[in-house]
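Peer 1: Handing over final.json, JSON, C-alpha atoms.
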[["chain", "number", "residue", "atom", "x", "y", "z"],
["A", 1, "MET", "CA", -28.26, 30.72, 48.87],
["A", 2, "HIS", "CA", -30.55, 29.83, 45.98],
["A", 3, "LEU", "CA", -32.29, 26.63, 44.91],
["A", 4, "GLY", "CA", -31.87, 27.48, 41.23],
["A", 5, "ASP", "CA", -33.86, 25.28, 38.86],
["A", 6, "TRP", "CA", -34.71, 22.92, 41.69],
["A", 7, "LEU", "CA", -34.77, 19.20, 40.85],
["A", 8, "GLU", "CA", -33.80, 19.12, 37.22],
["A", 9, "ALA", "CA", -33.31, 15.58, 35.95],
["A", 10, "ALA", "CA", -30.48, 13.97, 37.93],
["A", 11, "GLU", "CA", -28.05, 14.10, 35.00],
["A", 12, "PHE", "CA", -28.13, 17.92, 34.95],
["A", 13, "ARG", "CA", -28.68, 18.71, 38.62],
["A", 14, "ASP", "CA", -26.40, 21.23, 40.31],
["A", 15, "PRO", "CA", -24.34, 19.80, 43.19],
["A", 16, "MET", "CA", -25.53, 20.80, 46.65],
["A", 17, "PRO", "CA", -28.40, 23.06, 45.51],
["A", 18, "GLY", "CA", -29.41, 25.70, 48.02],
["A", 19, "ARG", "CA", -25.90, 26.01, 49.39],
["A", 20, "ALA", "CA", -24.27, 28.00, 46.60],
["A", 21, "PRO", "CA", -25.08, 31.09, 44.54],
["A", 22, "MET", "CA", -27.07, 30.58, 41.35],
["A", 23, "PRO", "CA", -26.16, 33.71, 39.35],
["A", 24, "GLU", "CA", -27.71, 32.63, 36.04],
["A", 25, "GLU", "CA", -31.13, 31.95, 37.50],
["A", 26, "ALA", "CA", -31.02, 34.93, 39.89],
["A", 27, "THR", "CA", -30.03, 37.42, 37.16],
["A", 28, "ALA", "CA", -32.72, 36.11, 34.81],
["A", 29, "TYR", "CA", -35.43, 36.46, 37.44],
["A", 30, "LEU", "CA", -34.24, 39.91, 38.49],
["A", 31, "HIS", "CA", -34.89, 41.02, 34.91],
["A", 32, "TYR", "CA", -38.24, 39.18, 34.82],
["A", 33, "THR", "CA", -39.40, 40.64, 38.13],
["A", 34, "MET", "CA", -38.35, 44.20, 37.31],
["A", 35, "THR", "CA", -40.09, 43.98, 33.92],
["A", 36, "HIS", "CA", -43.38, 43.10, 35.64],
["A", 37, "LEU", "CA", -42.89, 45.80, 38.27],
["A", 38, "THR", "CA", -42.41, 48.30, 35.44],
["A", 39, "GLU", "CA", -45.76, 47.26, 33.97],
["A", 40, "ILE", "CA", -47.47, 47.59, 37.37],
["A", 41, "ALA", "CA", -45.95, 50.98, 38.14],
["A", 42, "THR", "CA", -46.88, 52.25, 34.68],
["A", 43, "ALA", "CA", -50.48, 51.11, 35.11],
["A", 44, "LEU", "CA", -50.63, 52.90, 38.48],
["A", 45, "GLY", "CA", -49.16, 56.09, 37.05],
["A", 46, "GLU", "CA", -46.03, 55.81, 39.21],
["A", 47, "THR", "CA", -43.66, 57.16, 36.57],
["A", 48, "GLU", "CA", -40.60, 57.52, 38.81],
["A", 49, "ASP", "CA", -40.90, 53.94, 40.02],
["A", 50, "ALA", "CA", -41.48, 52.73, 36.47],
["A", 51, "ALA", "CA", -38.29, 54.45, 35.32],
["A", 52, "LEU", "CA", -36.29, 52.92, 38.18],
["A", 53, "PHE", "CA", -37.65, 49.42, 37.55],
["A", 54, "THR", "CA", -36.92, 49.80, 33.84],
["A", 55, "GLU", "CA", -33.33, 50.73, 34.65],
["A", 56, "TYR", "CA", -32.94, 47.62, 36.80],
["A", 57, "ALA", "CA", -34.63, 45.39, 34.20],
["A", 58, "GLU", "CA", -32.36, 46.66, 31.44],
["A", 59, "GLY", "CA", -29.30, 46.39, 33.65],
["A", 60, "ALA", "CA", -30.09, 42.80, 34.58],
["A", 61, "LYS", "CA", -30.63, 41.92, 30.91],
["A", 62, "ALA", "CA", -27.31, 43.53, 29.96],
["A", 63, "ALA", "CA", -25.54, 41.63, 32.73],
["A", 64, "TYR", "CA", -27.18, 38.35, 31.68],
["A", 65, "THR", "CA", -26.23, 38.92, 28.04],
["A", 66, "TYR", "CA", -22.62, 39.69, 28.94],
["A", 67, "GLN", "CA", -22.20, 36.81, 31.36],
["A", 68, "PHE", "CA", -24.24, 34.04, 29.75],
["A", 69, "LEU", "CA", -24.92, 34.95, 26.10],
["A", 70, "SER", "CA", -21.72, 36.76, 25.15],
["A", 71, "LYS", "CA", -20.94, 34.22, 22.42],
["A", 72, "ASP", "CA", -24.40, 34.75, 20.93],
["A", 73, "THR", "CA", -25.50, 31.24, 21.77],
["A", 74, "VAL", "CA", -25.67, 28.67, 24.53],
["A", 75, "ASP", "CA", -24.14, 25.32, 23.65],
["A", 76, "THR", "CA", -25.60, 22.82, 26.10],
["A", 77, "ASP", "CA", -28.09, 19.99, 26.29],
["A", 78, "ARG", "CA", -29.33, 21.34, 29.62],
["A", 79, "GLN", "CA", -32.84, 22.40, 28.63],
["A", 80, "ALA", "CA", -33.32, 24.80, 31.54],
["A", 81, "LYS", "CA", -30.35, 26.94, 30.45],
["A", 82, "LEU", "CA", -31.87, 27.24, 26.97],
["A", 83, "VAL", "CA", -35.49, 27.74, 27.97],
["A", 84, "ARG", "CA", -34.82, 30.49, 30.50],
["A", 85, "PRO", "CA", -33.41, 33.25, 28.25],
["A", 86, "LEU", "CA", -36.13, 32.53, 25.70],
["A", 87, "ALA", "CA", -39.03, 32.44, 28.15],
["A", 88, "LEU", "CA", -37.98, 35.44, 30.24],
["A", 89, "GLY", "CA", -37.26, 37.85, 27.38],
["A", 90, "LEU", "CA", -33.48, 37.81, 27.67],
["A", 91, "ALA", "CA", -32.62, 36.85, 24.08],
["A", 92, "ASP", "CA", -33.60, 38.76, 20.95],
["A", 93, "GLY", "CA", -33.17, 38.56, 17.19],
["A", 94, "ALA", "CA", -30.56, 36.22, 15.78],
["A", 95, "VAL", "CA", -29.40, 35.19, 19.25],
["A", 96, "ARG", "CA", -32.91, 34.09, 20.12],
["A", 97, "ARG", "CA", -33.26, 32.10, 16.91],
["A", 98, "ARG", "CA", -29.98, 30.28, 17.54],
["A", 99, "ILE", "CA", -31.01, 29.36, 21.08],
["A", 100, "GLU", "CA", -34.37, 28.12, 19.80],
["A", 101, "VAL", "CA", -32.60, 25.83, 17.34],
["A", 102, "ARG", "CA", -30.25, 24.61, 20.07],
["A", 103, "LEU", "CA", -33.18, 23.90, 22.40],
["A", 104, "VAL", "CA", -34.85, 21.70, 19.79],
["A", 105, "GLN", "CA", -31.52, 19.93, 19.29],
["A", 106, "ALA", "CA", -31.09, 19.44, 23.04],
["A", 107, "VAL", "CA", -34.56, 17.90, 23.34],
["A", 108, "ALA", "CA", -33.90, 15.56, 20.42],
["A", 109, "ASN", "CA", -30.48, 14.61, 21.80],
["A", 110, "HIS", "CA", -32.21, 13.32, 24.93],
["A", 111, "ASN", "CA", -34.95, 11.44, 23.12],
["A", 112, "TYR", "CA", -37.63, 14.07, 23.83],
["A", 113, "GLN", "CA", -37.43, 13.52, 27.58],
["A", 114, "VAL", "CA", -37.89, 16.38, 30.06],
["A", 115, "ASN", "CA", -34.91, 17.47, 32.13],
["A", 116, "THR", "CA", -36.01, 20.89, 33.41],
["A", 117, "GLY", "CA", -36.62, 21.61, 37.09],
["A", 118, "PHE", "CA", -39.18, 23.68, 38.99],
["A", 119, "LEU", "CA", -38.34, 26.93, 37.18],
["A", 120, "GLY", "CA", -37.96, 25.65, 33.64],
["A", 121, "THR", "CA", -40.71, 23.05, 33.42],
["A", 122, "PRO", "CA", -43.65, 25.49, 33.13],
["A", 123, "PHE", "CA", -41.89, 27.19, 30.19],
["A", 124, "VAL", "CA", -40.46, 24.34, 28.13],
["A", 125, "LEU", "CA", -43.53, 23.42, 26.05],
["A", 126, "PRO", "CA", -44.73, 27.05, 25.57],
["A", 127, "THR", "CA", -41.22, 28.08, 24.52],
["A", 128, "LEU", "CA", -41.00, 25.30, 21.93],
["A", 129, "THR", "CA", -44.45, 26.25, 20.63],
["A", 130, "ALA", "CA", -43.50, 29.93, 20.38],
["A", 131, "ALA", "CA", -40.44, 28.85, 18.38],
["A", 132, "GLY", "CA", -42.73, 27.19, 15.85],
["A", 133, "ARG", "CA", -41.97, 23.69, 17.11],
["A", 134, "ALA", "CA", -45.25, 22.49, 18.55],
["A", 135, "ASP", "CA", -44.35, 19.12, 17.03],
["A", 136, "THR", "CA", -41.38, 18.84, 19.41],
["A", 137, "ALA", "CA", -43.52, 19.98, 22.34],
["A", 138, "TYR", "CA", -46.08, 17.27, 21.63],
["A", 139, "ARG", "CA", -43.36, 14.61, 21.42],
["A", 140, "MET", "CA", -42.19, 15.66, 24.89],
["A", 141, "LEU", "CA", -45.75, 15.65, 26.21],
["A", 142, "GLU", "CA", -46.48, 12.16, 24.89],
["A", 143, "ASN", "CA", -43.12, 10.62, 25.77],
["A", 144, "GLU", "CA", -43.55, 7.65, 28.12],
["A", 145, "ASN", "CA", -39.84, 7.18, 28.89],
["A", 146, "ALA", "CA", -38.46, 8.71, 32.10],
["A", 147, "PRO", "CA", -37.90, 11.50, 32.79],
["A", 148, "SER", "CA", -41.30, 12.57, 31.49],
["A", 149, "TRP", "CA", -44.82, 13.24, 32.67],
["A", 150, "LEU", "CA", -46.28, 10.04, 31.26],
["A", 151, "ALA", "CA", -43.50, 7.92, 32.74],
["A", 152, "GLU", "CA", -44.98, 8.81, 36.12],
["A", 153, "VAL", "CA", -48.41, 7.72, 34.94],
["A", 154, "LYS", "CA", -46.99, 4.42, 33.65],
["A", 155, "ALA", "CA", -45.38, 3.94, 37.07],
["A", 156, "GLY", "CA", -48.82, 4.18, 38.67],
["A", 157, "ALA", "CA", -48.77, 7.82, 39.75],
["A", 158, "THR", "CA", -52.16, 9.38, 40.49],
["A", 159, "THR", "CA", -50.60, 12.68, 41.56],
["A", 160, "VAL", "CA", -47.63, 14.70, 40.28],
["A", 161, "TRP", "CA", -44.22, 13.87, 41.69],
["A", 162, "GLU", "CA", -41.80, 16.47, 43.04],
["A", 163, "ASP", "CA", -38.83, 15.05, 41.12],
["A", 164, "TRP", "CA", -38.59, 13.11, 37.85],
["A", 165, "GLU", "CA", -37.09, 10.04, 39.55],
["A", 166, "GLY", "CA", -39.83, 9.60, 42.15],
["A", 167, "LYS", "CA", -37.44, 9.77, 45.11],
["A", 168, "GLU", "CA", -38.98, 12.86, 46.73],
["A", 169, "SER", "CA", -42.61, 13.79, 47.45],
["A", 170, "HIS", "CA", -45.19, 11.97, 45.33],
["A", 171, "ASN", "CA", -47.70, 14.82, 45.57],
["A", 172, "HIS", "CA", -46.00, 18.06, 44.59],
["A", 173, "TYR", "CA", -47.48, 20.25, 41.91],
["A", 174, "SER", "CA", -44.66, 22.17, 40.20],
["A", 175, "PRO", "CA", -44.05, 19.81, 37.24],
["A", 176, "GLY", "CA", -47.84, 19.79, 36.85],
["A", 177, "ALA", "CA", -47.63, 23.33, 35.47],
["A", 178, "VAL", "CA", -47.73, 21.56, 32.11],
["A", 179, "CYS", "CA", -51.51, 21.71, 32.55],
["A", 180, "GLN", "CA", -51.42, 25.40, 31.58],
["A", 181, "TRP", "CA", -50.12, 24.38, 28.15],
["A", 182, "LEU", "CA", -52.92, 21.84, 27.84],
["A", 183, "PHE", "CA", -55.46, 24.61, 28.42],
["A", 184, "ASP", "CA", -53.95, 27.53, 26.51],
["A", 185, "THR", "CA", -52.33, 25.67, 23.61],
["A", 186, "VAL", "CA", -53.84, 22.22, 23.11],
["A", 187, "ALA", "CA", -57.37, 23.51, 23.80],
["A", 188, "GLY", "CA", -56.31, 27.08, 23.04],
["A", 189, "ILE", "CA", -58.21, 28.90, 25.81],
["A", 190, "ARG", "CA", -56.66, 32.16, 27.02],
["A", 191, "VAL", "CA", -58.17, 35.05, 28.98],
["A", 192, "ALA", "CA", -57.65, 38.20, 26.90],
["A", 193, "GLY", "CA", -59.58, 40.66, 29.06],
["A", 194, "GLU", "CA", -62.21, 40.92, 31.79],
["A", 195, "ASN", "CA", -64.89, 39.45, 29.53],
["A", 196, "ASP", "CA", -62.90, 38.62, 26.41],
["A", 197, "PHE", "CA", -61.16, 35.40, 25.41],
["A", 198, "SER", "CA", -58.68, 34.22, 22.83],
["A", 199, "ILE", "CA", -59.27, 30.75, 21.45],
["A", 200, "ALA", "CA", -56.41, 29.38, 19.35],
["A", 201, "PRO", "CA", -56.03, 25.60, 19.63],
["A", 202, "VAL", "CA", -52.92, 23.92, 18.28],
["A", 203, "PRO", "CA", -53.71, 20.27, 17.44],
["A", 204, "GLY", "CA", -50.70, 18.00, 17.27],
["A", 205, "GLY", "CA", -48.96, 14.80, 18.23],
["A", 206, "THR", "CA", -50.99, 11.61, 18.03],
["A", 207, "LEU", "CA", -54.03, 13.22, 19.65],
["A", 208, "THR", "CA", -57.23, 12.82, 17.66],
["A", 209, "HIS", "CA", -59.34, 14.93, 20.01],
["A", 210, "ALA", "CA", -59.09, 17.33, 22.94],
["A", 211, "GLN", "CA", -61.55, 19.37, 25.00],
["A", 212, "ALA", "CA", -61.25, 21.80, 27.91],
["A", 213, "ALA", "CA", -63.50, 24.23, 29.77],
["A", 214, "TYR", "CA", -62.75, 27.27, 31.91],
["A", 215, "THR", "CA", -65.25, 28.67, 34.39],
["A", 216, "SER", "CA", -64.93, 32.45, 34.17],
["A", 217, "LEU", "CA", -66.79, 35.11, 36.15],
["A", 218, "TYR", "CA", -69.24, 35.28, 33.23],
["A", 219, "GLY", "CA", -69.76, 31.57, 32.76],
["A", 220, "THR", "CA", -68.02, 28.65, 31.13],
["A", 221, "VAL", "CA", -65.92, 29.02, 28.00],
["A", 222, "ALA", "CA", -65.14, 25.73, 26.27],
["A", 223, "SER", "CA", -63.03, 24.64, 23.35],
["A", 224, "GLY", "CA", -62.83, 21.20, 21.80],
["A", 225, "TRP", "CA", -61.56, 19.68, 18.59],
["A", 226, "THR", "CA", -61.49, 16.38, 16.77],
["A", 227, "ARG", "CA", -58.99, 15.56, 14.08],
["A", 228, "SER", "CA", -59.01, 13.11, 11.20],
["A", 229, "ALA", "CA", -56.77, 12.70, 8.18],
["A", 230, "GLU", "CA", -59.10, 15.01, 6.26],
["A", 231, "ALA", "CA", -59.92, 17.87, 8.62],
["A", 232, "VAL", "CA", -60.04, 19.39, 12.09],
["A", 233, "HIS", "CA", -63.50, 20.07, 13.56],
["A", 234, "LEU", "CA", -63.50, 22.80, 16.23],
["A", 235, "THR", "CA", -66.35, 23.65, 18.61],
["A", 236, "VAL", "CA", -66.17, 26.74, 20.84],
["A", 237, "SER", "CA", -68.70, 27.85, 23.47],
["A", 238, "VAL", "CA", -68.62, 31.48, 24.60],
["A", 239, "PRO", "CA", -70.66, 32.56, 27.68],
["A", 240, "PRO", "CA", -73.17, 35.46, 27.76],
["A", 241, "ASN", "CA", -71.87, 39.04, 27.89],
["A", 242, "THR", "CA", -68.44, 38.06, 26.57],
["A", 243, "THR", "CA", -66.57, 38.05, 23.28],
["A", 244, "ALA", "CA", -63.86, 35.84, 21.81],
["A", 245, "ASP", "CA", -61.30, 36.00, 19.04],
["A", 246, "ILE", "CA", -61.02, 32.54, 17.50],
["A", 247, "ARG", "CA", -57.96, 31.63, 15.47],
["A", 248, "LEU", "CA", -58.21, 28.38, 13.55],
["A", 249, "PRO", "CA", -55.28, 26.03, 12.90],
["A", 250, "ASP", "CA", -55.13, 27.28, 9.30],
["A", 251, "GLY", "CA", -54.56, 30.86, 10.51],
["A", 252, "THR", "CA", -58.00, 32.28, 9.75],
["A", 253, "ALA", "CA", -59.61, 34.38, 12.50],
["A", 254, "HIS", "CA", -63.18, 35.08, 13.64],
["A", 255, "ALA", "CA", -64.44, 37.64, 16.18],
["A", 256, "VAL", "CA", -67.53, 36.19, 17.86],
["A", 257, "GLY", "CA", -70.00, 36.83, 20.64],
["A", 258, "PRO", "CA", -71.86, 34.47, 22.98],
["A", 259, "GLY", "CA", -73.02, 31.09, 21.81],
["A", 260, "THR", "CA", -71.66, 27.91, 20.25],
["A", 261, "HIS", "CA", -69.48, 28.23, 17.17],
["A", 262, "GLU", "CA", -68.30, 25.39, 14.93],
["A", 263, "TYR", "CA", -65.61, 25.33, 12.26],
["A", 264, "MET", "CA", -64.11, 22.76, 9.91],
["A", 265, "VAL", "CA", -60.58, 23.29, 8.56]]
Mind converting the file's structure to structure tokens?
Peer 2:
Amino acid sequence: MHLGDWLEAAEFRDPMPGRAPMPEEATAYLHYTMTHLTEIATALGETEDAALFTEYAEGAKAAYTYQFLSKDTVDTDRQAKLVRPLALGLADGAVRRRIEVRLVQAVANHNYQVNTGFLGTPFVLPTLTAAGRADTAYRMLENENAPSWLAEVKAGATTVWEDWEGKESHNHYSPGAVCQWLFDTVAGIRVAGENDFSIAPVPGGTLTHAQAAYTSLYGTVASGWTRSAEAVHLTVSVPPNTTADIRLPDGTAHAVGPGTHEYMV
């Protein structure tokens, strides 16, 4: 029994979820889990465990490739089936590039609406951004036609719904994982180390300004930008006893210490 990508948009939902095997999702997450366990075992110096977990991770990836990517592509408009191999490290090289192109096509084919479920929704906007299509990610974010995040807002939602149709719980966080993308991509705040941050905002869509703040153990790190037709103005605040690597939208980078830093690009 497996819930799979629980509560995708109704058009793509598996029949009787939870009552049948979900081999695609289960194989993908076996690889993902074993990859992380390899990292943990390596950090702890458990070399035998790391070797075993690596074997399982590679085996799961080989099985996934054979079963689900054997034709070097996935031809579907079901966003979850395209996002998963990209987000979980199951597709490489030319295969990865073809799936990225197909994902963008799938999103466009469904008018930039969201049809992923619990597993795929946290990854869909980051995956599009990593593919160099932040423009597509922003169109999904700002879409007001259901299924989408803003369709819920237009319907009067003050919390995040469990399903895109509003038939289940009206206070259920999973689709709200989009907030991570707002922090680490729109505002660009990422934790790079114990007292080190990476700030790399990606302005886009129709947004003319954005601002976010993260309260770390060392104090508050903040990033905000305003955008006009002429330039983007970025302001970054870095707390005491920390450092940050700032990457501007034009690709230039700055290594900075505590304080407030402003840039115009």
Peer 1: Would you compute, for all listed atoms of range 111-120 of chain A, the axis-aligned bounding box grown by 8 Å on each side, and then report its centre and edge lengths in Å rounded to one decimal, as AutoDock Vina command-line options?
Peer 2:
--center_x -37.0 --center_y 19.2 --center_z 31.1 --size_x 20.3 --size_y 31.5 --size_z 31.9
Peer 1: Choose the residue, out of A:Val221, A:Val232, A:Ala41, A:Ser70, that has the smallest atom-to-atom separation from Gly259 in chain A; count all atoms listed in the file.
Peer 2: A:Val221
Peer 1: So, counting all atoms listed in the file, which residue among A:Val83, A:Leu90, A:Ala210, A:Val95 is closest to Lys71 in chain A?
Peer 2: A:Val95
Peer 1: Please provide the set of residues having any atom within 6 Å of range 54-58 of chain A, restricted to only C-alpha atoms, with same-chain residues fewer than 6 positions apart removed, written as an MDAnalysis selection string.
Peer 2: chainID A and resid 31 34:35 38
Peer 1: Work out how far apart CA of Ala51 in chain A and CA of Leu86 in chain A are and give it in Å to one decimal.
Peer 2: 24.0 Å
Peer 1: For CA of Phe197 in chain A and CA of Met140 in chain A, quote the distance in Å rounded to one decimal.
Peer 2: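 Separation of CA of Phe197 in chain A and CA of Met140 in chain A: 27.4 Å.
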Peer 1: Which of these, A:Tyr138, A:Trp149, A:Tyr29, A:Tyr218, has the shortest distance to Thr185 in chain A once you count all atoms listed in the file?
Peer 2: A:Tyr138
Peer 1: In terms of the shortest atom-to-atom distance over only C-alpha atoms, which of A:Pro240, A:Pro126, A:Gly156, A:Gly4 is closest to Asp184 in chain A?
Peer 2: A:Pro126
Peer 1: Report, in Å to a single decimal, how far apart CA of Asp196 in chain A and CA of Ala244 in chain A are.
Peer 2: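 Between these atoms lies a distance of 5.5 Å.
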Peer 1: Please tell me which residues are no farther than 12 Å from (-33.8, 24.5, 22.6) in the file, counting all atoms listed in the file, and write them as a ChimeraX atom specification.
Peer 2: /A:73-87,96-110,112,114-116,120,123-133,136-137
Peer 1: If you count all atoms listed in the file, which residues fall within 8 Å of His233 in chain A, apart from same-chain ones fewer than 6 positions away, as a ChimeraX atom specification?
Peer 2: /A:225-227,262-265
Peer 1: Can you pull out the residues contacting Asn195 in chain A? Cut-off 12 Å, using only C-alpha atoms, and skip same-chain residues under 6 positions away; I want them as a list in words.
Peer 2: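 What passes the distance filter is Thr215, Ser216, Leu217, Tyr218, Gly219, Thr220, Val221, Val238, Pro239, Pro240, Asn241, Thr242, Thr243, Ala244, Asp245, Gly257 and Pro258 of chain A.
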Peer 1: Which one is closest to Glu24 in chain A: A:Gln113, A:Trp181, A:Pro201, A:His2? Count only C-alpha atoms.
Peer 2: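 When distances to Glu24 in chain A are compared using only C-alpha atoms, the smallest one comes from A:His2.
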